[in-house]
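Written below as C-alpha cells is the structure these notes are about.
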Amino acid sequence: MGVVNVTPDSFSDGGHFFSLDAALSHAEQMIVDGVDIIDIGGESSRPGAQPLSLDEELRRVMPLLYALRDYGKPISVDTCKPEVMHEAIHAGADMINDINGFRAMGALTAVKDADCALCIMHMLNNPQTMQAGPEYREVVGEVAGFLQERATIMQDAGIAGERLCVDPGFGFGKTLDHNLALLGHLSEIRAATALPVLAGLSRKSMLGAITGKPVEQRLAASIAAALAAAEQGAAILRVHDVAETVDALKVWYAVKHKQE
Ligand code: 9MG
C-alpha cells in the first residue's frame with residue numbers, strides 16, 4: 001500500500017503532494033513502482049495535528065479519488081469521518097482505512113451496505129493527545145483485544161468478516177517499547193483476530209528513535225521494519241517508498257519460498 005497524503009503538514013513528506021497534480025503524479029509513479037493499493041488521505045494524523053473540517057477534507061480527497069479511479073489500482077481512503085466514508089464509497093473507493101477503528105458515530109452505517117474493504121486501526125485517544133504518556137498493562141494483549149472487539153462489533157452490525165483487516169497502529173499512542181513489542185508479536189495479533197494484518201511503519205518516529213535519523217533519512221530503517229512485519233505475517237504494508245520496498249519484499253519472498 002503506497003501513501004499519498006494530500007495535506008500541507010504530513011510528518012513524512014512535508015506536504016510535498018498537496019496539489020492535485022503533484023499528488024496524481026506521485027500516485028502514477030507508485031503504480032510504475034509496483035504498488036498494489038493507493039492510500040489517499042486529506043487529514044494529517046501526526047501527533048498534535050489539528051482536526052480538519054469536513055468540507056476541507058472532501059475538497060482535498062475527492063478530486064484525487066475521481067482522478068485515480070481510471071488507473072485500475074485499488075484505492076483506499078484514509079478517513080475517520082462517516083461523511084467522507086460515504087462519499088468515497090459512492091465514488092468507488094475500494095477500501096476505507098480508519099485510524100479511529102470506525103468508532104465515530106455513524107461510521108458503521110456509512111460502510112455497512114458497501115462491499116469495500118475496511119481497515120480497523122488501534123489508536124489510544126486521538127492525534128492531539130495520543131503521545132502524552134501512553135500506558136498499557138500489556139500492550140500486545142490490549143491492542144489485540146481492542147481489534148478483536150471492534151471486528152466483532154462490526155460483524156454483529158452485518159459487515160462481512162471478509163471485508164476486514166486490522167492494524168495495531170504503530171506510533172498512535174505508543175512508546176518505542178510498545179511499538180517494538182507490537183512488531184515483535186504481530187503474528188499473535190493476526191492469530192488472535194484471525195484477520196489479515198496491515199502494518200504502517202514507514203518513516204515513523206520509532207525508526208528515528210532507533211537510528212537517530214531524521215524523517216528524510218529513514219529509508220533503510222523503513223525497509224527493515226517492513227520486512228520484519230512481513231516475516232510476522234503482515235498482509236499489507238503501508239509505505240512511502242514503494243519501489244525500494246517492493247524490491248526488498250521480492251528478495252525476502254524468493255528466499256522464503258526457496259526454503260519451503
Ligand atoms: C493514515 N495512517 C498513518 N499511519 C497509519 C498506519 O500505521 N496504519 C494505517 N492503517 N493508517 C495510517
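Residue numbering restarts at 1 for every chain of the C-alpha cells, chains are lettered A, B, ... in their displayed order, and ligands are numbered from 1 as they appear.
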(message) To test your reading of the structure, identify every residue in range 45-182 of chain A that backbone DSSP assigns to helix (DSSP H, G or I), and report it as a PyMOL selection string.
(response) chain A and resi 54-71+82-90+107-112+139-156+161-163+176-182
Can you build me a table of chain A residues sitting at most 10 Å from ligand 1, with the closest atom pair per residue and its distance in Å to one decimal, using only C-alpha atoms and all ligand atoms, sorted by chain and residue number, as a tab-separated table?
```
residue	atom	partner	partner_atom_place_in_ligand_line	distance
A:Met1	CA	ligand 1	10 (N)	9.7
A:Val3	CA	ligand 1	1 (C)	8.2
A:Val4	CA	ligand 1	1 (C)	9.7
A:Asn5	CA	ligand 1	1 (C)	8.6
A:Ser10	CA	ligand 1	3 (C)	9.5
A:Phe11	CA	ligand 1	3 (C)	9.7
A:Ser12	CA	ligand 1	3 (C)	9.6
A:Asp39	CA	ligand 1	1 (C)	8.1
A:Ile40	CA	ligand 1	1 (C)	8.4
A:Gly41	CA	ligand 1	1 (C)	6.9
A:Gly42	CA	ligand 1	1 (C)	9.4
A:Glu43	CA	ligand 1	1 (C)	8.4
A:Ser44	CA	ligand 1	1 (C)	7.6
A:Ser45	CA	ligand 1	3 (C)	6.1
A:Arg46	CA	ligand 1	3 (C)	7.6
A:Ser76	CA	ligand 1	10 (N)	9.8
A:Val77	CA	ligand 1	1 (C)	8.9
A:Asp78	CA	ligand 1	1 (C)	5.5
A:Thr79	CA	ligand 1	1 (C)	7.6
A:Cys80	CA	ligand 1	1 (C)	9.5
A:Ile96	CA	ligand 1	10 (N)	9.2
A:Asn97	CA	ligand 1	10 (N)	5.6
A:Asp98	CA	ligand 1	10 (N)	6.6
A:Ile99	CA	ligand 1	11 (N)	5.5
A:Asn100	CA	ligand 1	11 (N)	9.3
A:Gly101	CA	ligand 1	10 (N)	9.2
A:Leu118	CA	ligand 1	10 (N)	9.6
A:Cys119	CA	ligand 1	10 (N)	6.2
A:Ile120	CA	ligand 1	10 (N)	7.2
A:Met121	CA	ligand 1	10 (N)	5.6
A:His122	CA	ligand 1	8 (N)	8.6
A:Met123	CA	ligand 1	6 (C)	9.5
A:Cys165	CA	ligand 1	10 (N)	9.3
A:Val166	CA	ligand 1	10 (N)	7.9
A:Asp167	CA	ligand 1	10 (N)	5.8
A:Pro168	CA	ligand 1	7 (O)	7.5
A:Gly169	CA	ligand 1	7 (O)	4.7
A:Phe170	CA	ligand 1	7 (O)	5.2
A:Gly171	CA	ligand 1	7 (O)	7.1
A:Phe172	CA	ligand 1	7 (O)	7.7
A:Val197	CA	ligand 1	10 (N)	9.5
A:Leu198	CA	ligand 1	10 (N)	6.4
A:Ala199	CA	ligand 1	7 (O)	5.8
A:Gly200	CA	ligand 1	7 (O)	3.4
A:Leu201	CA	ligand 1	7 (O)	5.8
A:Ser202	CA	ligand 1	7 (O)	7.9
A:Arg203	CA	ligand 1	4 (N)	9.8
A:Lys204	CA	ligand 1	4 (N)	8.4
A:Ile236	CA	ligand 1	10 (N)	9.4
A:Leu237	CA	ligand 1	8 (N)	8.7
A:Arg238	CA	ligand 1	8 (N)	6.6
A:Val239	CA	ligand 1	7 (O)	9.0
```
(message) Here is a test: counting only C-alpha atoms, which residue of A:Met154, A:Ala235, A:Ile31, A:Leu65 is nearest to Lys112 in chain A?
(response)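 Closest residue, counting only C-alpha atoms: A:Met154.
Residues with any atom within 8 Å of Glu83 in chain A, counting only C-alpha atoms and excluding same-chain neighbours fewer than 2 positions away, are Leu54, Lys81, Met85, His86, Glu87 and Ala110 of chain A.
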(message) Could you list, as a ChimeraX atom specification, every residue within 7 Å of range 173-184 of chain A, counting only C-alpha atoms and ignoring same-chain residues fewer than 3 positions away?
(response) /A:123-124,130-131,134,139-140,170,206,229
Could you please take those selected residues and save all heavy atoms as a tab-separated table (two decimals), in the first residue's frame?
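This went into part.tsv:
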```tsv
chain	number	residue	atom	x	y	z
A	123	MET	N	-5.84	3.07	17.95
A	123	MET	CA	-5.20	4.34	18.35
A	123	MET	C	-5.65	4.62	19.78
A	123	MET	O	-6.83	4.49	20.10
A	123	MET	CB	-5.65	5.47	17.42
A	123	MET	CG	-5.26	6.86	17.89
A	123	MET	SD	-5.54	8.17	16.67
A	123	MET	CE	-7.30	8.04	16.36
A	124	LEU	N	-4.69	5.00	20.63
A	124	LEU	CA	-5.04	5.39	22.00
A	124	LEU	C	-5.40	6.88	21.99
A	124	LEU	O	-4.59	7.69	21.54
A	124	LEU	CB	-3.83	5.15	22.91
A	124	LEU	CG	-4.05	5.14	24.40
A	124	LEU	CD1	-4.95	3.99	24.83
A	124	LEU	CD2	-2.71	5.04	25.12
A	130	MET	N	-2.48	11.57	21.79
A	130	MET	CA	-2.09	10.15	21.86
A	130	MET	C	-0.67	9.91	22.38
A	130	MET	O	-0.40	8.85	22.95
A	130	MET	CB	-2.27	9.49	20.48
A	130	MET	CG	-1.37	10.04	19.40
A	130	MET	SD	-1.86	9.38	17.80
A	130	MET	CE	-0.66	10.17	16.72
A	131	GLN	N	0.24	10.87	22.20
A	131	GLN	CA	1.62	10.61	22.62
A	131	GLN	C	1.92	11.20	24.01
A	131	GLN	O	3.08	11.23	24.42
A	131	GLN	CB	2.61	11.13	21.57
A	131	GLN	CG	2.65	10.27	20.29
A	131	GLN	CD	2.92	8.80	20.54
A	131	GLN	OE1	2.03	7.96	20.47
A	131	GLN	NE2	4.17	8.43	20.86
A	134	PRO	N	1.54	7.52	26.90
A	134	PRO	CA	0.66	6.35	26.72
A	134	PRO	C	1.06	5.21	27.65
A	134	PRO	O	2.25	4.96	27.85
A	134	PRO	CB	0.90	5.95	25.25
A	134	PRO	CG	2.22	6.54	24.89
A	134	PRO	CD	2.36	7.79	25.71
A	139	VAL	N	0.67	-4.40	26.35
A	139	VAL	CA	0.28	-3.71	25.12
A	139	VAL	C	-0.24	-4.66	24.04
A	139	VAL	O	-1.24	-4.37	23.38
A	139	VAL	CB	1.42	-2.79	24.61
A	139	VAL	CG1	2.63	-3.59	24.15
A	139	VAL	CG2	0.92	-1.88	23.51
A	140	VAL	N	0.42	-5.81	23.87
A	140	VAL	CA	0.03	-6.70	22.76
A	140	VAL	C	-1.39	-7.23	23.00
A	140	VAL	O	-2.26	-7.18	22.11
A	140	VAL	CB	1.03	-7.86	22.59
A	140	VAL	CG1	0.58	-8.80	21.48
A	140	VAL	CG2	2.43	-7.31	22.28
A	170	PHE	N	1.01	1.48	14.70
A	170	PHE	CA	2.35	1.86	15.20
A	170	PHE	C	2.44	3.38	15.34
A	170	PHE	O	2.11	4.12	14.41
A	170	PHE	CB	3.44	1.34	14.26
A	170	PHE	CG	3.55	-0.15	14.27
A	170	PHE	CD1	3.00	-0.91	13.23
A	170	PHE	CD2	4.14	-0.81	15.33
A	170	PHE	CE1	3.07	-2.30	13.25
A	170	PHE	CE2	4.21	-2.20	15.36
A	170	PHE	CZ	3.68	-2.94	14.33
A	206	MET	N	9.41	6.01	15.60
A	206	MET	CA	10.09	4.90	16.29
A	206	MET	C	11.38	4.53	15.56
A	206	MET	O	12.36	4.13	16.19
A	206	MET	CB	9.17	3.67	16.40
A	206	MET	CG	8.76	3.05	15.09
A	206	MET	SD	7.68	1.60	15.25
A	206	MET	CE	8.84	0.28	15.60
A	229	ALA	N	7.81	-6.90	9.60
A	229	ALA	CA	6.35	-7.07	9.64
A	229	ALA	C	5.92	-8.20	8.69
A	229	ALA	O	5.06	-9.02	9.03
A	229	ALA	CB	5.66	-5.77	9.29
```
(message) Here is a test: counting only C-alpha atoms, which residue of A:Leu58, A:Ile223, A:Leu68, A:Ile153 is nearest to Ser25 in chain A?
(response)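 Once distances to Ser25 in chain A are computed over only C-alpha atoms, the minimum belongs to A:Leu68.
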(request) Please measure the separation of CA of Leu219 in chain A and CA of Met95 in chain A, giving the value in Å to one decimal. (result)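 Interatomic distance here is 26.1 Å.
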(message) Given only C-alpha atoms as the basis, pick out the residue of A:Leu195, A:Ile159, A:Ala91, A:Leu249 nearest to Glu231 in chain A.
(response)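 Among A:Leu195, A:Ile159, A:Ala91, A:Leu249, it is A:Leu249 that comes nearest to Glu231 in chain A.
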(request) Just the residues within 12 Å of Ser19 in chain A, please, counting only C-alpha atoms, with nothing from its chain fewer than 5 positions along; format it as a ChimeraX atom specification. (result) /A:4-8,24-26,42,59-61,63-64
Go ahead and dump the residues you just picked, N, CA, C and O atoms, as a PDB file, in the first residue's frame.
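Written out: part_30.pdb:
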```pdb
ATOM      1  N   VAL A   4      -0.356   8.354  -0.310  1.00  0.00           N
ATOM      2  CA  VAL A   4      -0.389   9.680  -0.936  1.00  0.00           C
ATOM      3  C   VAL A   4      -1.199  10.595  -0.015  1.00  0.00           C
ATOM      4  O   VAL A   4      -2.416  10.490   0.059  1.00  0.00           O
ATOM      5  N   ASN A   5      -0.474  11.443   0.721  1.00  0.00           N
ATOM      6  CA  ASN A   5      -1.141  12.399   1.608  1.00  0.00           C
ATOM      7  C   ASN A   5      -1.395  13.693   0.857  1.00  0.00           C
ATOM      8  O   ASN A   5      -0.474  14.256   0.265  1.00  0.00           O
ATOM      9  N   VAL A   6      -2.642  14.154   0.887  1.00  0.00           N
ATOM     10  CA  VAL A   6      -2.928  15.466   0.295  1.00  0.00           C
ATOM     11  C   VAL A   6      -3.087  16.444   1.451  1.00  0.00           C
ATOM     12  O   VAL A   6      -4.157  16.990   1.696  1.00  0.00           O
ATOM     13  N   THR A   7      -2.002  16.621   2.204  1.00  0.00           N
ATOM     14  CA  THR A   7      -2.044  17.504   3.381  1.00  0.00           C
ATOM     15  C   THR A   7      -0.833  18.423   3.347  1.00  0.00           C
ATOM     16  O   THR A   7       0.232  18.028   2.879  1.00  0.00           O
ATOM     17  N   PRO A   8      -0.996  19.650   3.870  1.00  0.00           N
ATOM     18  CA  PRO A   8       0.156  20.556   3.870  1.00  0.00           C
ATOM     19  C   PRO A   8       1.128  20.253   4.997  1.00  0.00           C
ATOM     20  O   PRO A   8       2.211  20.801   5.043  1.00  0.00           O
ATOM     21  N   LEU A  24      -1.215  13.401  -7.980  1.00  0.00           N
ATOM     22  CA  LEU A  24      -1.509  12.478  -9.070  1.00  0.00           C
ATOM     23  C   LEU A  24      -0.218  11.918  -9.673  1.00  0.00           C
ATOM     24  O   LEU A  24      -0.102  10.716  -9.922  1.00  0.00           O
ATOM     25  N   SER A  25       0.768  12.775  -9.896  1.00  0.00           N
ATOM     26  CA  SER A  25       1.999  12.217 -10.473  1.00  0.00           C
ATOM     27  C   SER A  25       2.736  11.335  -9.472  1.00  0.00           C
ATOM     28  O   SER A  25       3.376  10.347  -9.858  1.00  0.00           O
ATOM     29  N   HIS A  26       2.601  11.637  -8.200  1.00  0.00           N
ATOM     30  CA  HIS A  26       3.185  10.769  -7.174  1.00  0.00           C
ATOM     31  C   HIS A  26       2.518   9.388  -7.235  1.00  0.00           C
ATOM     32  O   HIS A  26       3.203   8.350  -7.214  1.00  0.00           O
ATOM     33  N   GLY A  42      -6.552  13.131   3.440  1.00  0.00           N
ATOM     34  CA  GLY A  42      -6.500  14.587   3.458  1.00  0.00           C
ATOM     35  C   GLY A  42      -6.234  15.168   4.832  1.00  0.00           C
ATOM     36  O   GLY A  42      -5.887  16.337   4.961  1.00  0.00           O
ATOM     37  N   ARG A  59     -12.691  18.402  -0.015  1.00  0.00           N
ATOM     38  CA  ARG A  59     -12.059  19.192  -1.079  1.00  0.00           C
ATOM     39  C   ARG A  59     -10.663  18.635  -1.431  1.00  0.00           C
ATOM     40  O   ARG A  59     -10.224  18.681  -2.571  1.00  0.00           O
ATOM     41  N   ARG A  60      -9.989  18.085  -0.447  1.00  0.00           N
ATOM     42  CA  ARG A  60      -8.644  17.540  -0.714  1.00  0.00           C
ATOM     43  C   ARG A  60      -8.701  16.141  -1.321  1.00  0.00           C
ATOM     44  O   ARG A  60      -7.924  15.815  -2.219  1.00  0.00           O
ATOM     45  N   VAL A  61      -9.612  15.304  -0.804  1.00  0.00           N
ATOM     46  CA  VAL A  61      -9.582  13.876  -1.144  1.00  0.00           C
ATOM     47  C   VAL A  61     -10.356  13.550  -2.426  1.00  0.00           C
ATOM     48  O   VAL A  61      -9.878  12.765  -3.261  1.00  0.00           O
ATOM     49  N   PRO A  63     -11.270  15.035  -5.359  1.00  0.00           N
ATOM     50  CA  PRO A  63     -10.739  15.201  -6.715  1.00  0.00           C
ATOM     51  C   PRO A  63      -9.659  14.153  -7.046  1.00  0.00           C
ATOM     52  O   PRO A  63      -9.600  13.632  -8.163  1.00  0.00           O
ATOM     53  N   LEU A  64      -8.847  13.817  -6.064  1.00  0.00           N
ATOM     54  CA  LEU A  64      -7.799  12.817  -6.305  1.00  0.00           C
ATOM     55  C   LEU A  64      -8.427  11.432  -6.492  1.00  0.00           C
ATOM     56  O   LEU A  64      -8.013  10.663  -7.374  1.00  0.00           O
TER      57      LEU A  64
END
```
(request) May I ask which of the residues A:Asp36, A:Glu244, A:Glu216, A:Glu149 is the closest one to Gly72 in chain A, counting only C-alpha atoms? (result)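 Smallest distance to Gly72 in chain A is found for A:Asp36.
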(request) Write down as a PyMOL selection string the residues belonging to range 28-232 of chain A that are assigned strand (DSSP E or B) by DSSP computed on the backbone. (result) chain A and resi 38-41+75-78+95-98+117-121+164-167+197-200
Store the residues of this selection in a file with N, CA and C atoms, as a PDB file, in the first residue's frame.
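Contents of selection_24.pdb, freshly written:
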```
ATOM      1  N   ILE A  38      -3.443   2.130  -3.383  1.00  0.00           N
ATOM      2  CA  ILE A  38      -3.024   3.513  -3.121  1.00  0.00           C
ATOM      3  C   ILE A  38      -3.893   4.068  -1.998  1.00  0.00           C
ATOM      4  N   ASP A  39      -3.249   4.525  -0.917  1.00  0.00           N
ATOM      5  CA  ASP A  39      -3.975   5.047   0.240  1.00  0.00           C
ATOM      6  C   ASP A  39      -3.927   6.570   0.204  1.00  0.00           C
ATOM      7  N   ILE A  40      -5.088   7.202   0.002  1.00  0.00           N
ATOM      8  CA  ILE A  40      -5.087   8.662  -0.070  1.00  0.00           C
ATOM      9  C   ILE A  40      -5.759   9.240   1.177  1.00  0.00           C
ATOM     10  N   GLY A  41      -5.182  10.320   1.675  1.00  0.00           N
ATOM     11  CA  GLY A  41      -5.731  10.925   2.889  1.00  0.00           C
ATOM     12  C   GLY A  41      -5.564  12.426   2.869  1.00  0.00           C
ATOM     13  N   ILE A  75      -8.098   1.719  -4.610  1.00  0.00           N
ATOM     14  CA  ILE A  75      -7.855   2.965  -3.881  1.00  0.00           C
ATOM     15  C   ILE A  75      -8.448   2.857  -2.477  1.00  0.00           C
ATOM     16  N   SER A  76      -7.603   3.181  -1.508  1.00  0.00           N
ATOM     17  CA  SER A  76      -8.028   3.209  -0.113  1.00  0.00           C
ATOM     18  C   SER A  76      -8.153   4.678   0.290  1.00  0.00           C
ATOM     19  N   VAL A  77      -9.168   4.999   1.074  1.00  0.00           N
ATOM     20  CA  VAL A  77      -9.299   6.368   1.571  1.00  0.00           C
ATOM     21  C   VAL A  77      -9.125   6.351   3.089  1.00  0.00           C
ATOM     22  N   ASP A  78      -8.135   7.121   3.529  1.00  0.00           N
ATOM     23  CA  ASP A  78      -7.792   7.206   4.944  1.00  0.00           C
ATOM     24  C   ASP A  78      -8.632   8.325   5.561  1.00  0.00           C
ATOM     25  N   MET A  95     -11.392   0.677  -0.459  1.00  0.00           N
ATOM     26  CA  MET A  95     -11.081   0.399   0.948  1.00  0.00           C
ATOM     27  C   MET A  95     -11.249   1.684   1.749  1.00  0.00           C
ATOM     28  N   ILE A  96     -11.717   1.544   2.978  1.00  0.00           N
ATOM     29  CA  ILE A  96     -11.699   2.676   3.922  1.00  0.00           C
ATOM     30  C   ILE A  96     -10.723   2.294   5.032  1.00  0.00           C
ATOM     31  N   ASN A  97      -9.773   3.193   5.244  1.00  0.00           N
ATOM     32  CA  ASN A  97      -8.731   2.991   6.254  1.00  0.00           C
ATOM     33  C   ASN A  97      -8.986   3.976   7.389  1.00  0.00           C
ATOM     34  N   ASP A  98      -9.488   3.473   8.513  1.00  0.00           N
ATOM     35  CA  ASP A  98      -9.891   4.382   9.599  1.00  0.00           C
ATOM     36  C   ASP A  98      -8.965   4.211  10.801  1.00  0.00           C
ATOM     37  N   ALA A 117     -13.292  -2.992   1.237  1.00  0.00           N
ATOM     38  CA  ALA A 117     -12.518  -3.482   2.388  1.00  0.00           C
ATOM     39  C   ALA A 117     -12.453  -2.397   3.461  1.00  0.00           C
ATOM     40  N   LEU A 118     -12.193  -2.828   4.692  1.00  0.00           N
ATOM     41  CA  LEU A 118     -12.179  -1.891   5.822  1.00  0.00           C
ATOM     42  C   LEU A 118     -10.982  -2.195   6.717  1.00  0.00           C
ATOM     43  N   CYS A 119     -10.168  -1.198   6.963  1.00  0.00           N
ATOM     44  CA  CYS A 119      -9.038  -1.397   7.879  1.00  0.00           C
ATOM     45  C   CYS A 119      -9.360  -0.768   9.230  1.00  0.00           C
ATOM     46  N   ILE A 120      -9.363  -1.619  10.255  1.00  0.00           N
ATOM     47  CA  ILE A 120      -9.634  -1.179  11.636  1.00  0.00           C
ATOM     48  C   ILE A 120      -8.287  -0.954  12.310  1.00  0.00           C
ATOM     49  N   MET A 121      -7.975   0.283  12.673  1.00  0.00           N
ATOM     50  CA  MET A 121      -6.693   0.539  13.328  1.00  0.00           C
ATOM     51  C   MET A 121      -6.881   0.859  14.798  1.00  0.00           C
ATOM     52  N   LEU A 164     -12.728  -7.227   6.358  1.00  0.00           N
ATOM     53  CA  LEU A 164     -11.959  -6.575   7.431  1.00  0.00           C
ATOM     54  C   LEU A 164     -10.470  -6.915   7.428  1.00  0.00           C
ATOM     55  N   CYS A 165      -9.678  -5.936   7.794  1.00  0.00           N
ATOM     56  CA  CYS A 165      -8.299  -6.215   8.208  1.00  0.00           C
ATOM     57  C   CYS A 165      -8.011  -5.341   9.429  1.00  0.00           C
ATOM     58  N   VAL A 166      -6.959  -5.679  10.167  1.00  0.00           N
ATOM     59  CA  VAL A 166      -6.670  -4.971  11.417  1.00  0.00           C
ATOM     60  C   VAL A 166      -5.244  -4.435  11.410  1.00  0.00           C
ATOM     61  N   ASP A 167      -5.037  -3.397  12.204  1.00  0.00           N
ATOM     62  CA  ASP A 167      -3.742  -2.708  12.217  1.00  0.00           C
ATOM     63  C   ASP A 167      -3.462  -2.254  13.651  1.00  0.00           C
ATOM     64  N   VAL A 197      -3.463  -8.659   8.670  1.00  0.00           N
ATOM     65  CA  VAL A 197      -2.882  -7.519   9.392  1.00  0.00           C
ATOM     66  C   VAL A 197      -2.262  -6.532   8.408  1.00  0.00           C
ATOM     67  N   LEU A 198      -2.564  -5.260   8.624  1.00  0.00           N
ATOM     68  CA  LEU A 198      -1.928  -4.169   7.876  1.00  0.00           C
ATOM     69  C   LEU A 198      -0.935  -3.516   8.835  1.00  0.00           C
ATOM     70  N   ALA A 199       0.276  -3.243   8.353  1.00  0.00           N
ATOM     71  CA  ALA A 199       1.282  -2.608   9.216  1.00  0.00           C
ATOM     72  C   ALA A 199       1.821  -1.348   8.553  1.00  0.00           C
ATOM     73  N   GLY A 200       1.800  -0.252   9.284  1.00  0.00           N
ATOM     74  CA  GLY A 200       2.345   1.010   8.793  1.00  0.00           C
ATOM     75  C   GLY A 200       3.498   1.451   9.675  1.00  0.00           C
TER      76      GLY A 200
END
```
(request) Mind checking which residues fall within 12 Å of Asp247 in chain A, counting only C-alpha atoms, ignoring those fewer than 5 positions away in the same chain, and posting them as a PyMOL selection string? (result) chain A and resi 33-35+223+226-227+241-242+252-254
Requested write-out: N, CA, C and O atoms of the selected residues, as a PDB file, in the first residue's frame:
```pdb
ATOM      1  N   ASP A  33       6.071   1.809  -9.935  1.00  0.00           N
ATOM      2  CA  ASP A  33       6.969   1.141  -8.976  1.00  0.00           C
ATOM      3  C   ASP A  33       6.402  -0.164  -8.412  1.00  0.00           C
ATOM      4  O   ASP A  33       7.085  -0.857  -7.667  1.00  0.00           O
ATOM      5  N   GLY A  34       5.143  -0.469  -8.736  1.00  0.00           N
ATOM      6  CA  GLY A  34       4.601  -1.770  -8.324  1.00  0.00           C
ATOM      7  C   GLY A  34       3.655  -1.746  -7.140  1.00  0.00           C
ATOM      8  O   GLY A  34       3.490  -2.761  -6.466  1.00  0.00           O
ATOM      9  N   VAL A  35       3.013  -0.599  -6.905  1.00  0.00           N
ATOM     10  CA  VAL A  35       2.079  -0.534  -5.770  1.00  0.00           C
ATOM     11  C   VAL A  35       0.853  -1.414  -6.041  1.00  0.00           C
ATOM     12  O   VAL A  35       0.453  -1.614  -7.194  1.00  0.00           O
ATOM     13  N   ILE A 223      12.543  -0.012   5.404  1.00  0.00           N
ATOM     14  CA  ILE A 223      12.549  -1.302   4.702  1.00  0.00           C
ATOM     15  C   ILE A 223      12.786  -2.446   5.705  1.00  0.00           C
ATOM     16  O   ILE A 223      12.122  -3.485   5.637  1.00  0.00           O
ATOM     17  N   ALA A 226       9.579  -2.993   7.443  1.00  0.00           N
ATOM     18  CA  ALA A 226       8.585  -3.639   6.563  1.00  0.00           C
ATOM     19  C   ALA A 226       8.866  -5.141   6.467  1.00  0.00           C
ATOM     20  O   ALA A 226       7.941  -5.965   6.523  1.00  0.00           O
ATOM     21  N   LEU A 227      10.134  -5.499   6.357  1.00  0.00           N
ATOM     22  CA  LEU A 227      10.479  -6.924   6.264  1.00  0.00           C
ATOM     23  C   LEU A 227      10.181  -7.653   7.578  1.00  0.00           C
ATOM     24  O   LEU A 227       9.720  -8.797   7.565  1.00  0.00           O
ATOM     25  N   ASP A 241       7.908   4.531   0.310  1.00  0.00           N
ATOM     26  CA  ASP A 241       8.923   4.249  -0.721  1.00  0.00           C
ATOM     27  C   ASP A 241       8.595   2.913  -1.382  1.00  0.00           C
ATOM     28  O   ASP A 241       9.140   1.858  -1.017  1.00  0.00           O
ATOM     29  N   VAL A 242       7.741   2.987  -2.389  1.00  0.00           N
ATOM     30  CA  VAL A 242       7.196   1.757  -2.970  1.00  0.00           C
ATOM     31  C   VAL A 242       8.275   0.958  -3.709  1.00  0.00           C
ATOM     32  O   VAL A 242       8.427  -0.249  -3.489  1.00  0.00           O
ATOM     33  N   TRP A 252      13.074 -11.047  -0.188  1.00  0.00           N
ATOM     34  CA  TRP A 252      12.619 -11.778   1.018  1.00  0.00           C
ATOM     35  C   TRP A 252      11.711 -12.947   0.623  1.00  0.00           C
ATOM     36  O   TRP A 252      11.871 -14.066   1.090  1.00  0.00           O
ATOM     37  N   TYR A 253      10.794 -12.676  -0.287  1.00  0.00           N
ATOM     38  CA  TYR A 253       9.816 -13.689  -0.700  1.00  0.00           C
ATOM     39  C   TYR A 253      10.511 -14.842  -1.432  1.00  0.00           C
ATOM     40  O   TYR A 253      10.216 -16.020  -1.199  1.00  0.00           O
ATOM     41  N   ALA A 254      11.460 -14.480  -2.320  1.00  0.00           N
ATOM     42  CA  ALA A 254      12.168 -15.513  -3.090  1.00  0.00           C
ATOM     43  C   ALA A 254      12.952 -16.428  -2.155  1.00  0.00           C
ATOM     44  O   ALA A 254      12.928 -17.656  -2.289  1.00  0.00           O
TER      45      ALA A 254
END
```
(message) Which residues are near Ser187 in chain A? Cut-off 7 Å, only C-alpha atoms, ignore same chain within fewer than 4 positions. Put them as a list in words.
(response)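 What passes the distance filter is Ala191, Gln232 and Gly233 of chain A.
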Write a file of the selected residues as a PDB file, in the first residue's frame, keeping all heavy atoms.
```pdb
ATOM      1  N   ALA A 191      -3.143 -13.966  14.826  1.00  0.00           N
ATOM      2  CA  ALA A 191      -3.780 -15.194  15.324  1.00  0.00           C
ATOM      3  C   ALA A 191      -4.996 -14.862  16.189  1.00  0.00           C
ATOM      4  O   ALA A 191      -6.048 -15.499  16.078  1.00  0.00           O
ATOM      5  CB  ALA A 191      -2.770 -16.013  16.119  1.00  0.00           C
ATOM      6  N   GLN A 232       6.490 -11.488  10.133  1.00  0.00           N
ATOM      7  CA  GLN A 232       5.490 -11.789  11.183  1.00  0.00           C
ATOM      8  C   GLN A 232       4.095 -12.007  10.588  1.00  0.00           C
ATOM      9  O   GLN A 232       3.109 -12.064  11.313  1.00  0.00           O
ATOM     10  CB  GLN A 232       5.420 -10.621  12.170  1.00  0.00           C
ATOM     11  CG  GLN A 232       6.595 -10.518  13.108  1.00  0.00           C
ATOM     12  CD  GLN A 232       6.396 -11.388  14.337  1.00  0.00           C
ATOM     13  OE1 GLN A 232       5.287 -11.630  14.775  1.00  0.00           O
ATOM     14  NE2 GLN A 232       7.487 -11.889  14.872  1.00  0.00           N
ATOM     15  N   GLY A 233       4.018 -12.020   9.255  1.00  0.00           N
ATOM     16  CA  GLY A 233       2.739 -12.365   8.623  1.00  0.00           C
ATOM     17  C   GLY A 233       1.869 -11.201   8.201  1.00  0.00           C
ATOM     18  O   GLY A 233       0.702 -11.410   7.855  1.00  0.00           O
TER      19      GLY A 233
END
```
(request) Considering only C-alpha atoms, state which residue in the set A:Thr211, A:Thr245, A:Thr193, A:Asn126 is at the smallest distance from Leu147 in chain A. (result) A:Thr193
